[in-house]
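Asker: First, the structure itself, so that you have it in front of you.
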Amino acid sequence: MSWQTALYNYVHAKNQAELEGSAAPLEAFIADSAYLRKQDVCFRRLLNCYRDRDAKLLRGETKLRLTGVRESAQETIAEIRMHRLLHYQIGSTQHLEERIETERVTIDHAANRWQVRHAEALQAEKSLPGKSRGFGMPEPEDFVAGLRRAPSLPYINHSILNSGAQEFAPRKIIYNRPKAAEYAETWWKTPNPKYEEFEVDCTNFVSQCLFAGGAPMDYTGKRDLGWWYAGRRGHQELWSFSWAVANSLQTFLSHSRKGLHGHAVDDPRELQQGDTISYDWDGDGRFQHNVIVIGKDANDMPLVNAHTYNSRNRYWAYKDSPAWTERTKYVFVRVADEM
């Protein structure tokens, strides 16, 4: 058996384990007990979530792509990209959830056979820690330097540079929810090259969706004021914390009273296409993840798209996420229709 076959068996078993709600199918194909325990917790949460929704899992598929390989006689380290598709049914309605998972998998040759020894996720659904300032805004450059992964194409959004601050807007803008959702559907899987891509990209993605729906930028030119993006000028990045940092966007939406703003609602069923959800995984008052609502399931519950752990039509509760804890708190934000 080759290392490629060992990798294929591991991915196939992971697909089956998710359907069964248990890591048991993986045990024969990976010798990483810590990883198995974590996966088992996530799989069981996912299965319980589907049961709570009266949803029936139908089948799962995984499209595997190698993104990097380092080989030796006794060991192969492979970086993989898994496009996972989960088909399920609620009543007579069928749904499809999609996710992009990236992992680094170590496969070694022992006892005359190849076996996966270790696997680790290459993305996380938690934002990087930052010091609080003002309304929860992080401290500047030391935090931001760690946030960026790789620059996209240099881009200056000239359309907003001369727009001035929000109070000078001459007319009200109607938020185009279908346009926001259309953008979320177009770019959920890959980054839009017109924008910077961040290691923790969830809030950057949600901001892009809001802007695509017509939300006007409040261009102040200051990191900790307004909500704006202008790309890069030379080596200088031009965007506000509220554009790219999870806690800062949630704070901006809650405190803004003009332009882009919203209000919290108690029931997720009150959310519509183009609204947002913020996640505080630790329950400590700082939000670490944002998503955008793109539709509803057959129970009238939100389905969301997101970046970092790229997802499409994902159920809003995120209980299968490694970041989820019993202390997790949510804020359901109804974005204003008129800005």
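By convention here, the chains of the structure tokens are called A, B, ... in the order presented, each chain's residues are numbered starting at 1, and ligands are numbered starting at 1 in the order presented.
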Within 8 Å of stretch 4-16 of chain A, counting only C-alpha atoms, which residues show up once you throw out same-chain ones fewer than 4 positions away? Write them as a compact mmCIF listing (two decimals) with C-alpha atoms, in the first residue's frame, please.
Answerer:
```
# COMPACT_ATOMS: atom_id res chain seq x y z
CA GLU A 20 -22.09 8.04 11.94
CA ALA A 23 -14.66 8.74 15.35
CA PRO A 25 -14.39 4.54 11.57
CA LEU A 26 -11.15 6.56 11.78
CA PHE A 29 -6.49 4.66 9.73
CA ILE A 30 -4.88 7.19 12.08
CA GLY A 60 -21.34 12.74 2.43
CA GLU A 61 -18.73 13.37 -0.25
CA THR A 62 -15.18 14.66 -0.10
CA ILE A 107 1.97 9.56 7.07
CA TRP A 114 1.83 3.24 5.52
CA GLN A 115 -0.47 4.83 8.12
CA VAL A 116 -1.52 8.34 9.05
```
Asker: With 8 Å as the cut-off and only C-alpha atoms counted, what is the closest atom pair between each nearby residue of stretch 255-299 of chain A and stretch 327-339 of chain A? Distances in Å to one decimal, ordered by chain and number, as CSV.
Answerer:
```
residue,atom,partner,partner_atom,distance
A:Lys258,CA,A:Met339,CA,6.3
A:Gly259,CA,A:Met339,CA,4.5
A:Leu260,CA,A:Met339,CA,5.9
A:His261,CA,A:Ala336,CA,5.9
A:Gly262,CA,A:Val335,CA,4.2
A:His263,CA,A:Arg334,CA,5.4
A:Ala264,CA,A:Val333,CA,4.5
A:Val265,CA,A:Phe332,CA,5.6
A:Asp266,CA,A:Phe332,CA,6.9
A:Asp267,CA,A:Phe332,CA,7.5
A:Pro268,CA,A:Phe332,CA,6.2
A:Glu270,CA,A:Arg334,CA,8.0
A:Leu271,CA,A:Arg334,CA,6.1
A:Gln272,CA,A:Arg334,CA,7.5
A:Gly274,CA,A:Val335,CA,7.4
A:Asp275,CA,A:Arg334,CA,5.3
A:Thr276,CA,A:Val333,CA,5.2
A:Ile277,CA,A:Phe332,CA,4.8
A:Ser278,CA,A:Val331,CA,5.1
A:Tyr279,CA,A:Tyr330,CA,4.9
A:Asp280,CA,A:Lys329,CA,5.1
A:Trp281,CA,A:Thr328,CA,4.3
A:Asp282,CA,A:Arg327,CA,5.5
A:Gly283,CA,A:Arg327,CA,5.0
```
Asker: Extract, using only C-alpha atoms, all DNA, RNA and protein residues at most 7 Å from A:Pro302, discarding same-chain residues fewer than 6 positions from it, and format them as number ranges by chain.
Answerer: A: 268-269, 271, 293, 295-296, 315-316
Asker: Find the residues around stretch 45-54 of chain A up to 6 Å (only C-alpha atoms counted), leave out those fewer than 2 positions away in its own chain, and share them as an MDAnalysis selection string.
Answerer: chainID A and resid 21 42:43 319:320
Asker: Run DSSP on the backbone and give me the residues of stretch 72-301 of chain A it puts in strand (DSSP E), as a PyMOL selection string.
Answerer: chain A and resi 75-90+93-110+113-121+132-133+137-138+148-150+197-198+229-233+236-239+262-265+276-280+289-296
Asker: At a cut-off of 8 Å, using only C-alpha atoms, what residues contact A:Lys63? Leave out same-chain residues fewer than 4 positions from it and give the result as a ChimeraX atom specification.
Answerer: /A:82-84
Asker: Given only C-alpha atoms as the basis, pick out the residue of A:Ser72, A:Gln288, A:Gln94, A:Asn313 nearest to A:His109.
Answerer: A:Ser72
Asker: In Å to one decimal, how far is atom CA of A:His289 from atom CA of A:Arg233?
Answerer: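 Atom-to-atom, atom CA of A:Arg233 and atom CA of A:His289 are spaced 27.6 Å apart.
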Asker: Go through A:Pro322, A:Asn247, A:Tyr309, A:Arg59 and flag the residue nearest A:Asp284, using only C-alpha atoms for the distances.
Answerer: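 With only C-alpha atoms as the atom set, the closest residue is A:Asn247.
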Asker: What's the separation between atom CA of A:Val245 and atom CA of A:Tyr318, in Å to one decimal place?
Answerer: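 Atom CA of A:Tyr318 lies 19.3 Å from atom CA of A:Val245.
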Asker: Could you find all residues in stretch 65-303 of chain A that DSSP calls helix (DSSP H, G or I) from the backbone, and write them as a ChimeraX atom specification?
Answerer: /A:141-147,158-161,166-168,177-187,202-212,241-244,246-255,268-270
Asker: Put those residues in a file: C-alpha atoms, as a compact mmCIF listing (two decimals), in the first residue's frame.
Answerer:
```txt
# COMPACT_ATOMS: atom_id res chain seq x y z
CA GLU A 141 0.06 47.39 14.53
CA ASP A 142 1.41 44.55 16.70
CA PHE A 143 -2.01 42.85 16.50
CA VAL A 144 -2.59 43.56 12.83
CA ALA A 145 0.84 42.32 11.75
CA GLY A 146 -0.07 38.84 12.97
CA LEU A 147 -3.49 38.92 11.35
CA HIS A 158 -10.94 54.77 -5.28
CA SER A 159 -14.74 54.81 -5.29
CA ILE A 160 -14.81 55.55 -1.55
CA LEU A 161 -11.71 57.70 -1.08
CA GLN A 166 -20.95 59.28 6.73
CA GLU A 167 -22.75 62.43 7.88
CA PHE A 168 -22.25 63.99 4.45
CA ARG A 177 -29.90 41.75 0.80
CA PRO A 178 -29.92 39.52 -2.32
CA LYS A 179 -26.75 41.26 -3.57
CA ALA A 180 -25.00 40.64 -0.24
CA ALA A 181 -25.99 36.97 -0.36
CA GLU A 182 -24.98 36.68 -4.01
CA TYR A 183 -21.50 37.95 -3.12
CA ALA A 184 -21.31 35.45 -0.24
CA GLU A 185 -22.20 32.64 -2.63
CA THR A 186 -19.66 33.76 -5.24
CA TRP A 187 -16.68 34.13 -2.90
CA CYS A 202 -14.13 35.71 8.59
CA THR A 203 -14.81 39.38 9.33
CA ASN A 204 -13.07 40.65 6.20
CA PHE A 205 -15.39 38.36 4.21
CA VAL A 206 -18.54 39.50 6.02
CA SER A 207 -17.56 43.15 5.51
CA GLN A 208 -17.13 42.53 1.79
CA CYS A 209 -20.61 40.97 1.66
CA LEU A 210 -22.16 43.95 3.48
CA PHE A 211 -20.42 46.35 1.11
CA ALA A 212 -21.60 44.33 -1.92
CA PHE A 241 -10.30 47.41 12.57
CA SER A 242 -14.07 47.16 12.20
CA TRP A 243 -13.59 45.89 8.64
CA ALA A 244 -11.36 42.96 9.55
CA ALA A 246 -14.42 40.14 14.62
CA ASN A 247 -15.01 41.95 17.90
CA SER A 248 -14.59 45.35 16.29
CA LEU A 249 -17.23 44.74 13.60
CA GLN A 250 -19.70 43.46 16.16
CA THR A 251 -19.05 46.56 18.28
CA PHE A 252 -19.39 48.89 15.29
CA LEU A 253 -22.72 47.37 14.22
CA SER A 254 -24.06 47.66 17.77
CA HIS A 255 -22.99 51.27 18.37
CA PRO A 268 -32.27 33.50 15.10
CA ARG A 269 -35.47 32.93 13.12
CA GLU A 270 -35.88 36.71 12.99
```
Asker: Quick one, how far is atom CA of A:Glu326 from atom CA of A:Lys38?
Answerer: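 Distance reported for this atom pair: 15.0 Å.
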Asker: Using only C-alpha atoms, pick whichever of A:Asp201, A:Asp40, A:Glu75, A:Glu120 has the shortest atom-to-atom distance to A:Asn310.
Answerer: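 The answer is A:Asp201, which sits nearest to A:Asn310.
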